[in-house]
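A short worksheet on the structure shown next.
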Amino acid sequence: MRVYVPLTLPGLAEAHKAGELGPAPLTAYAVTPGLREWYVSDDIEELEYAALGRAAAASLRLLAEDAGAPRKRVVVAVDVDDKAAAAVPGVDEATLGQVTLAGAVRLSVAAAVHVDADDALGDVTAAAAALEAADAGDDDARFTVDGAEDHELLWFGVQEIQGLLK
């Protein structure tokens with residue numbers, strides 16, 4: 001099962017130094033039965049893209065909590081055994097596609113790292129600042145948060161992590 005672990009650049013630096021994503025339990029996103037039902041698609045690539053998007057949104061929330069982190073969303077894609085990931089119960093907006101990993105995951109087995117391009121910085125910065133108001137129902141703030149979602153995350157190999165951290 002492919003899971004998508006949301007991070008920030010400082011979180012990625014910690015994982016790189018430790019050699020693993022952890023400690024457990026880890027929150028990640030994956031193609032869960034709830035995500036399949038919500039997305040109404042049998043195309044696994046579309047479903048995995050939706051799970052990646054959920055992880056990117058979670059990364060934005062991590063950025064909103066850490067004012068000192070560089071304003072780039074970070075998601076690490078990892079393949080784990082199906083039994084290693086437990087779907088979070090419920091199918092509400094907050095937990096859609098969310099899974100919990102019971103153990104740490106070696107970073108060396110990650111399939112990819114996804115990170116915002118430099119041209120997304122302004123929109124991601126604004127979105128992180130607007131997230132609380134968007135959650136409270138402010139339509140203008142929601143529009144600002146959606147602006148970050150318009151940016152595709154770039155794909156990087158695990159061997160490129162050191163360069164991402166400079």
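Residues are referred to by chain and number: the chain letter is A, B, ... according to the order shown in the structure tokens, the number counts from 1 in that chain, and ligands are numbered separately from 1 in the order shown.
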query: Could you name the residues that touch Ala87 of chain A at 10 Å or less, counting only C-alpha atoms, but leaving out those on the same chain fewer than 6 positions away, as a PyMOL selection string?
result: chain A and resi 27-34+95-101
query: segment 144-161 of chain A: which residues within 7 Å, counting only C-alpha atoms, same-chain residues fewer than 3 positions away excluded, as a VMD selection string?
result: chain A and resid 108 110 112 to 117 120 123 to 124 126 to 127 130 to 131 140 to 141 164 to 165
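Counting only C-alpha atoms and comparing A:Ala18, A:Ala84, A:Ala133, A:Val74, the residue that lies closest to Ala56 of chain A is A:Val74.
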field: Every residue of segment 3-140 of chain A that DSSP places in strand (DSSP E or B), as an MDAnalysis selection string
entry: chainID A and resid 3:7 20:21 26:30 74:79 85:87 98:101 105:106 110:115
query: Looking at A:Ala136, A:Leu21, A:Met1, A:Leu9, which one is nearest to Pro70 of chain A, with distances taken over only C-alpha atoms?
result: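 Under the stated criterion, the closest residue is A:Leu9.
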message: Please extract the residues of segment 1-124 of chain A with a backbone DSSP assignment of alpha helix (DSSP H) and present them as JSON, numbers by chain.
response: {"A": [9, 10, 11, 12, 13, 14, 15, 16, 17, 18, 33, 34, 35, 36, 37, 38, 39, 44, 45, 46, 47, 48, 49, 50, 51, 52, 53, 54, 55, 56, 57, 58, 59, 60, 61, 62, 63, 64, 65, 121, 122, 123, 124]}
field: atom CA of Glu46 of chain A to atom CA of His16 of chain A, straight-line distance in Å
entry: 28.9 Å
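Near Gly22 of chain A, within a cut-off of 10 Å and counting only C-alpha atoms, sit the residues Gly11, Glu14, Ala15, Leu101, Ala102, Gly103, Ala104, Val105, Arg106 and Leu107 of chain A, with same-chain residues fewer than 6 positions away left out.
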Go ahead and save the residues from that selection, with N, CA and C atoms, as a compact mmCIF listing (two decimals), in the first residue's frame.
# COMPACT_ATOMS: atom_id res chain seq x y z
N GLY A 11 10.70 18.95 9.36
CA GLY A 11 10.35 17.55 9.64
C GLY A 11 11.09 16.60 8.73
N GLU A 14 14.64 16.33 9.99
CA GLU A 14 14.72 15.42 11.14
C GLU A 14 14.68 13.97 10.68
N ALA A 15 13.77 13.67 9.74
CA ALA A 15 13.66 12.30 9.23
C ALA A 15 14.94 11.90 8.50
N LEU A 101 0.07 4.73 10.90
CA LEU A 101 1.13 3.73 10.78
C LEU A 101 1.62 3.40 12.19
N ALA A 102 1.62 2.13 12.51
CA ALA A 102 1.96 1.71 13.87
C ALA A 102 3.45 1.77 14.17
N GLY A 103 4.28 1.81 13.13
CA GLY A 103 5.71 1.82 13.36
C GLY A 103 6.41 2.86 12.51
N ALA A 104 7.62 3.17 12.89
CA ALA A 104 8.44 4.08 12.09
C ALA A 104 8.75 3.41 10.75
N VAL A 105 9.06 4.23 9.75
CA VAL A 105 9.35 3.72 8.41
C VAL A 105 10.72 4.25 7.98
N ARG A 106 11.58 3.34 7.52
CA ARG A 106 12.90 3.76 7.06
C ARG A 106 12.75 4.70 5.87
N LEU A 107 13.42 5.82 5.92
CA LEU A 107 13.34 6.80 4.84
C LEU A 107 13.96 6.26 3.55
Tyr4 of chain A environment, 8 Å, only C-alpha atoms, sequence neighbours closer than 5 positions dropped, as a short mmCIF file (atom, residue, chain, number, x, y, z; two decimals) with C-alpha atoms, in the first residue's frame:
data_model
loop_
_atom_site.label_atom_id
_atom_site.label_comp_id
_atom_site.auth_asym_id
_atom_site.auth_seq_id
_atom_site.Cartn_x
_atom_site.Cartn_y
_atom_site.Cartn_z
CA ALA A 28 -0.48 9.41 6.70
CA TYR A 29 -2.97 9.32 3.84
CA ALA A 30 -3.79 6.46 1.50
CA ALA A 51 -4.59 10.76 -1.24
CA LEU A 52 -1.49 12.83 -2.10
CA ALA A 55 -1.48 14.74 2.59
CA VAL A 75 4.84 14.83 1.41
CA VAL A 76 6.84 11.61 1.52
CA ALA A 77 5.41 8.66 -0.44
CA VAL A 78 6.19 5.27 1.08
#
Point-to-point distance from atom CA of Glu132 of chain A to atom CA of Trp38 of chain A, Å rounded to tenths: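 Taking atom CA of Glu132 of chain A as the start and atom CA of Trp38 of chain A as the end point, the length is 24.4 Å.
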query: What separation in Å, quoted to one decimal, exists between atom CA of Glu48 of chain A and atom CA of Arg2 of chain A?
result: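 Distance between the two atoms: 7.9 Å.
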field: Distance query Thr8 of chain A at most 10 Å, only C-alpha atoms, self and fewer than 4 positions along chain excluded, as a list in words
entry: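 Contacts, in chain order: Leu12, Ala13, Glu14, Ala58, Ser59, Leu60, Arg61, Leu62, Leu63, Asp66, Ala69, Pro70, Arg71, Lys72, Arg73, Val74, Val75 and Val115 of chain A.
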Store the residues picked out above, limited to N, CA and C atoms, as a PDB file, in the first residue's frame.
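Written out: part_4.pdb:
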ATOM      1  N   LEU A  12      11.235  16.988   7.462  1.00  0.00           N
ATOM      2  CA  LEU A  12      12.001  16.182   6.521  1.00  0.00           C
ATOM      3  C   LEU A  12      13.470  16.132   6.936  1.00  0.00           C
ATOM      4  N   ALA A  13      14.005  17.250   7.410  1.00  0.00           N
ATOM      5  CA  ALA A  13      15.394  17.289   7.877  1.00  0.00           C
ATOM      6  C   ALA A  13      15.590  16.345   9.065  1.00  0.00           C
ATOM      7  N   GLU A  14      14.635  16.334   9.987  1.00  0.00           N
ATOM      8  CA  GLU A  14      14.721  15.422  11.138  1.00  0.00           C
ATOM      9  C   GLU A  14      14.677  13.969  10.676  1.00  0.00           C
ATOM     10  N   ALA A  58      -2.713  18.341   4.705  1.00  0.00           N
ATOM     11  CA  ALA A  58      -2.244  18.126   6.076  1.00  0.00           C
ATOM     12  C   ALA A  58      -0.896  18.799   6.293  1.00  0.00           C
ATOM     13  N   SER A  59      -0.039  18.788   5.276  1.00  0.00           N
ATOM     14  CA  SER A  59       1.243  19.482   5.373  1.00  0.00           C
ATOM     15  C   SER A  59       1.024  20.984   5.549  1.00  0.00           C
ATOM     16  N   LEU A  60       0.037  21.523   4.839  1.00  0.00           N
ATOM     17  CA  LEU A  60      -0.295  22.947   4.993  1.00  0.00           C
ATOM     18  C   LEU A  60      -0.695  23.242   6.439  1.00  0.00           C
ATOM     19  N   ARG A  61      -1.432  22.334   7.052  1.00  0.00           N
ATOM     20  CA  ARG A  61      -1.822  22.510   8.463  1.00  0.00           C
ATOM     21  C   ARG A  61      -0.577  22.500   9.366  1.00  0.00           C
ATOM     22  N   LEU A  62       0.380  21.641   9.054  1.00  0.00           N
ATOM     23  CA  LEU A  62       1.627  21.630   9.830  1.00  0.00           C
ATOM     24  C   LEU A  62       2.367  22.951   9.679  1.00  0.00           C
ATOM     25  N   LEU A  63       2.347  23.515   8.472  1.00  0.00           N
ATOM     26  CA  LEU A  63       2.976  24.824   8.251  1.00  0.00           C
ATOM     27  C   LEU A  63       2.282  25.916   9.053  1.00  0.00           C
ATOM     28  N   ASP A  66       3.592  25.919  12.500  1.00  0.00           N
ATOM     29  CA  ASP A  66       5.023  26.182  12.673  1.00  0.00           C
ATOM     30  C   ASP A  66       5.415  27.401  11.842  1.00  0.00           C
ATOM     31  N   ALA A  69       8.809  27.424   9.926  1.00  0.00           N
ATOM     32  CA  ALA A  69       9.123  26.475   8.843  1.00  0.00           C
ATOM     33  C   ALA A  69       9.039  27.171   7.491  1.00  0.00           C
ATOM     34  N   PRO A  70       9.955  26.860   6.580  1.00  0.00           N
ATOM     35  CA  PRO A  70       9.840  27.395   5.216  1.00  0.00           C
ATOM     36  C   PRO A  70       8.473  27.027   4.635  1.00  0.00           C
ATOM     37  N   ARG A  71       7.902  27.928   3.893  1.00  0.00           N
ATOM     38  CA  ARG A  71       6.534  27.799   3.405  1.00  0.00           C
ATOM     39  C   ARG A  71       6.425  26.890   2.179  1.00  0.00           C
ATOM     40  N   LYS A  72       6.822  25.653   2.343  1.00  0.00           N
ATOM     41  CA  LYS A  72       6.688  24.639   1.299  1.00  0.00           C
ATOM     42  C   LYS A  72       6.035  23.403   1.899  1.00  0.00           C
ATOM     43  N   ARG A  73       5.016  22.913   1.217  1.00  0.00           N
ATOM     44  CA  ARG A  73       4.395  21.659   1.641  1.00  0.00           C
ATOM     45  C   ARG A  73       5.318  20.505   1.242  1.00  0.00           C
ATOM     46  N   VAL A  74       5.375  19.501   2.105  1.00  0.00           N
ATOM     47  CA  VAL A  74       6.244  18.335   1.887  1.00  0.00           C
ATOM     48  C   VAL A  74       5.426  17.080   2.161  1.00  0.00           C
ATOM     49  N   VAL A  75       5.509  16.124   1.242  1.00  0.00           N
ATOM     50  CA  VAL A  75       4.843  14.832   1.414  1.00  0.00           C
ATOM     51  C   VAL A  75       5.824  13.747   0.996  1.00  0.00           C
ATOM     52  N   VAL A 115       7.461  18.079  -3.035  1.00  0.00           N
ATOM     53  CA  VAL A 115       7.690  19.382  -2.397  1.00  0.00           C
ATOM     54  C   VAL A 115       7.219  20.481  -3.344  1.00  0.00           C
TER      55      VAL A 115
END
